[in-house]
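Accompanying notes for the structure given below.
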Amino acid sequence: MPNDTLVFTLGSRYCETDKLSDIAWQLFGSAPRGWRRVQAICDFVCNHLTFGYQYARATRTAYEAYQERVGVCRDFAHLAVAFCRCMNIPARYANGFLGDIGVPPDPAPMDYNAWFEVFLDGRWFTFDARHNMPRIGRITVARGRDATDIPLATSFGPHVLKAFTVWTDEVEPAILNGLTRRIA
């Protein structure tokens, strides 16, 4: 494994591998290695946690999410990342935007989203323990060890967010990198 992936096998602020290691090995130690083990982790996290914006808490760790069984997308990602790392699978936290492309439209406004990536067979692959299904149209903003490395915003002192709007639109496959090709 490349040296730059090693940091993604270690515990971090929100991904306490020391507290989750025994649990991870009990749950996933007999699962087939590689992709299928990561999918087993996603399946477990998706079924173990209940998603709800009312459960949002900026300080919730992976271990706390495991115990409380609730969270938002970042909690799903942190728990899956921590379990992967416990199983010696390099995993990194990612965030950005995920529109409603290829799925039924969600009446709620699009929100900032978190998912994770694992290093398998020499490259990084995207997984999402909250949605637990392949999705298209992700716009990755940042990647890091956990939310500490890549917060949506960092502020010091009082602040008020008055507005935050993001639009994503599906484009034809022929429109790439701002260049349009004519399709014959």
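In the structure tokens, chains take the letters A, B, ... in the order shown, each chain's residues start at 1, and ligands count up from 1 in the order shown.
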
DSSP on the backbone: which residues in chain A end up as helix (DSSP H, G or I)? Give the answer as JSON, numbers by chain. {"A": [3, 4, 5, 6, 7, 8, 9, 17, 18, 19, 20, 21, 22, 23, 24, 25, 26, 27, 28, 35, 36, 37, 38, 39, 40, 41, 42, 43, 44, 45, 46, 47, 48, 53, 54, 55, 62, 63, 64, 65, 66, 67, 68, 73, 74, 75, 76, 77, 78, 79, 80, 81, 82, 83, 84, 85, 86]}

All residues 9 Å or closer to Thr148 of chain A, only C-alpha atoms, same chain fewer than 3 positions away omitted, as a PDB file with C-alpha atoms, in the first residue's frame:
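The resulting file, result-v2.pdb, is reproduced below:
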ATOM      1  CA  SER A  12      -8.666  10.189  14.288  1.00  0.00           C
ATOM      2  CA  ARG A  13     -10.745  12.742  16.232  1.00  0.00           C
ATOM      3  CA  TYR A  14     -14.153  11.376  15.145  1.00  0.00           C
ATOM      4  CA  GLY A 144      -9.535  14.059   4.874  1.00  0.00           C
ATOM      5  CA  ARG A 145      -9.174  11.816   7.899  1.00  0.00           C
ATOM      6  CA  PRO A 151     -15.342  21.142   7.862  1.00  0.00           C
TER       7      PRO A 151
END

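Distance check against Ala153 of chain A using only C-alpha atoms: of A:Tyr112, A:Ile23, A:Cys73, A:Gln54, the minimum falls on A:Tyr112.
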
I want to know what sits within 10 Å of Ala77 of chain A, based on only C-alpha atoms, with residues of the same chain fewer than 5 positions away left out; could you give that as JSON, numbers by chain? {"A": [15, 42, 45, 46, 62, 71, 72, 82, 83, 91, 92, 93, 94, 95, 113, 114, 115, 116, 117, 127, 128, 129, 130, 146, 147]}

Top pick for closest residue to Pro90 of chain A, considering A:Leu27, A:Glu16, A:Trp124, A:Thr50 and counting only C-alpha atoms: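 Using only C-alpha atoms, the shortest distance to Pro90 of chain A belongs to A:Trp124.
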
Rank A:Asp149, A:Asp100, A:Asp18, A:Asp43 by their smallest atom-to-atom distance to Arg85 of chain A, using only C-alpha atoms, and report the top residue only.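 Of A:Asp149, A:Asp100, A:Asp18, A:Asp43, the one nearest Arg85 of chain A is A:Asp18, counting only C-alpha atoms.
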
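Using only C-alpha atoms, the protein and nucleic acid residues lying no more than 10 Å from Arg57 of chain A, apart from those fewer than 2 places from it along its own chain, are Tyr53, Gln54, Tyr55, Thr59, Arg60, Thr61, Gly71, Val72, Arg74 and Asp75 of chain A.
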
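Of note, atom CA of Leu152 of chain A and atom CA of Ala40 of chain A are spaced 28.7 Å apart.
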
May I ask which of the residues A:Phe76, A:Phe119, A:Arg37, A:Ile139 is the closest one to Gly52 of chain A, counting only C-alpha atoms?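 Comparing A:Phe76, A:Phe119, A:Arg37, A:Ile139 against Gly52 of chain A, the winner is A:Phe76.
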
How would you write, as an mmCIF file with N, CA and C atoms, in the first residue's frame, the set of residues in segment 36-124 of chain A that DSSP gives as strand (DSSP E)?
data_model
loop_
_atom_site.group_PDB
_atom_site.id
_atom_site.type_symbol
_atom_site.label_atom_id
_atom_site.label_comp_id
_atom_site.auth_asym_id
_atom_site.auth_seq_id
_atom_site.Cartn_x
_atom_site.Cartn_y
_atom_site.Cartn_z
ATOM 1 N N THR A 50 -30.178 5.330 12.502
ATOM 2 C CA THR A 50 -31.368 5.983 11.962
ATOM 3 C C THR A 50 -30.983 7.404 11.580
ATOM 4 N N PHE A 51 -31.273 7.771 10.321
ATOM 5 C CA PHE A 51 -30.941 9.112 9.841
ATOM 6 C C PHE A 51 -32.028 10.101 10.246
ATOM 7 N N VAL A 70 -28.143 6.767 16.042
ATOM 8 C CA VAL A 70 -28.762 7.850 15.269
ATOM 9 C C VAL A 70 -27.661 8.728 14.696
ATOM 10 N N GLY A 71 -28.037 9.525 13.695
ATOM 11 C CA GLY A 71 -27.080 10.481 13.176
ATOM 12 C C GLY A 71 -27.491 11.068 11.847
ATOM 13 N N ALA A 91 -9.302 4.132 4.825
ATOM 14 C CA ALA A 91 -10.573 4.799 4.550
ATOM 15 C C ALA A 91 -10.440 6.276 4.869
ATOM 16 N N ARG A 92 -10.990 7.115 3.992
ATOM 17 C CA ARG A 92 -10.958 8.558 4.215
ATOM 18 C C ARG A 92 -12.372 9.126 4.083
ATOM 19 N N TYR A 93 -12.606 10.175 4.814
ATOM 20 C CA TYR A 93 -13.885 10.886 4.858
ATOM 21 C C TYR A 93 -13.911 11.858 3.687
ATOM 22 N N ALA A 94 -15.060 11.989 3.044
ATOM 23 C CA ALA A 94 -15.212 12.940 1.935
ATOM 24 C C ALA A 94 -16.514 13.702 2.122
ATOM 25 N N ASN A 95 -16.538 14.929 1.607
ATOM 26 C CA ASN A 95 -17.780 15.690 1.655
ATOM 27 C C ASN A 95 -17.955 16.510 0.391
ATOM 28 N N GLY A 96 -19.167 16.977 0.205
ATOM 29 C CA GLY A 96 -19.495 17.762 -0.976
ATOM 30 C C GLY A 96 -20.990 17.763 -1.195
ATOM 31 N N PHE A 97 -21.381 17.706 -2.452
ATOM 32 C CA PHE A 97 -22.791 17.810 -2.816
ATOM 33 C C PHE A 97 -23.227 16.552 -3.552
ATOM 34 N N LEU A 98 -24.467 16.162 -3.307
ATOM 35 C CA LEU A 98 -25.040 15.000 -3.963
ATOM 36 C C LEU A 98 -26.453 15.368 -4.386
ATOM 37 N N TYR A 112 -25.461 19.728 2.149
ATOM 38 C CA TYR A 112 -24.081 19.288 2.120
ATOM 39 C C TYR A 112 -24.077 17.825 2.551
ATOM 40 N N ASN A 113 -23.233 17.015 1.966
ATOM 41 C CA ASN A 113 -23.300 15.573 2.177
ATOM 42 C C ASN A 113 -21.930 15.031 2.540
ATOM 43 N N ALA A 114 -21.919 13.912 3.252
ATOM 44 C CA ALA A 114 -20.670 13.225 3.588
ATOM 45 C C ALA A 114 -20.765 11.770 3.151
ATOM 46 N N TRP A 115 -19.649 11.232 2.693
ATOM 47 C CA TRP A 115 -19.525 9.829 2.320
ATOM 48 C C TRP A 115 -18.095 9.431 2.619
ATOM 49 N N PHE A 116 -17.634 8.302 2.118
ATOM 50 C CA PHE A 116 -16.254 7.933 2.390
ATOM 51 C C PHE A 116 -15.674 7.179 1.204
ATOM 52 N N GLU A 117 -14.364 7.058 1.222
ATOM 53 C CA GLU A 117 -13.646 6.356 0.164
ATOM 54 C C GLU A 117 -12.693 5.353 0.802
ATOM 55 N N VAL A 118 -12.534 4.225 0.146
ATOM 56 C CA VAL A 118 -11.603 3.202 0.633
ATOM 57 C C VAL A 118 -10.576 2.899 -0.450
ATOM 58 N N PHE A 119 -9.392 2.497 -0.002
ATOM 59 C CA PHE A 119 -8.312 2.151 -0.914
ATOM 60 C C PHE A 119 -8.278 0.637 -1.065
ATOM 61 N N LEU A 120 -8.667 0.162 -2.250
ATOM 62 C CA LEU A 120 -8.690 -1.261 -2.573
ATOM 63 C C LEU A 120 -8.051 -1.479 -3.937
ATOM 64 N N ARG A 123 -6.429 1.604 -5.789
ATOM 65 C CA ARG A 123 -7.090 2.887 -6.062
ATOM 66 C C ARG A 123 -8.210 3.150 -5.066
ATOM 67 N N TRP A 124 -8.687 4.386 -5.037
ATOM 68 C CA TRP A 124 -9.740 4.804 -4.132
ATOM 69 C C TRP A 124 -11.110 4.564 -4.764
#

Report, in Å to a single decimal, how far apart atom CA of Thr126 of chain A and atom CA of Arg143 of chain A are.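 If I compute the distance from atom CA of Arg143 of chain A to atom CA of Thr126 of chain A, I get 11.3 Å.
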
Which of A:Pro107, A:Gly122, A:Pro158, A:Pro134 sits closest to Gln39 of chain A [using only C-alpha atoms]: A:Pro134

For atom CA of Ala31 of chain A and atom CA of Arg138 of chain A, determine how far apart the two atoms are, in Å to one decimal place.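 If I compute the distance from atom CA of Ala31 of chain A to atom CA of Arg138 of chain A, I get 28.3 Å.
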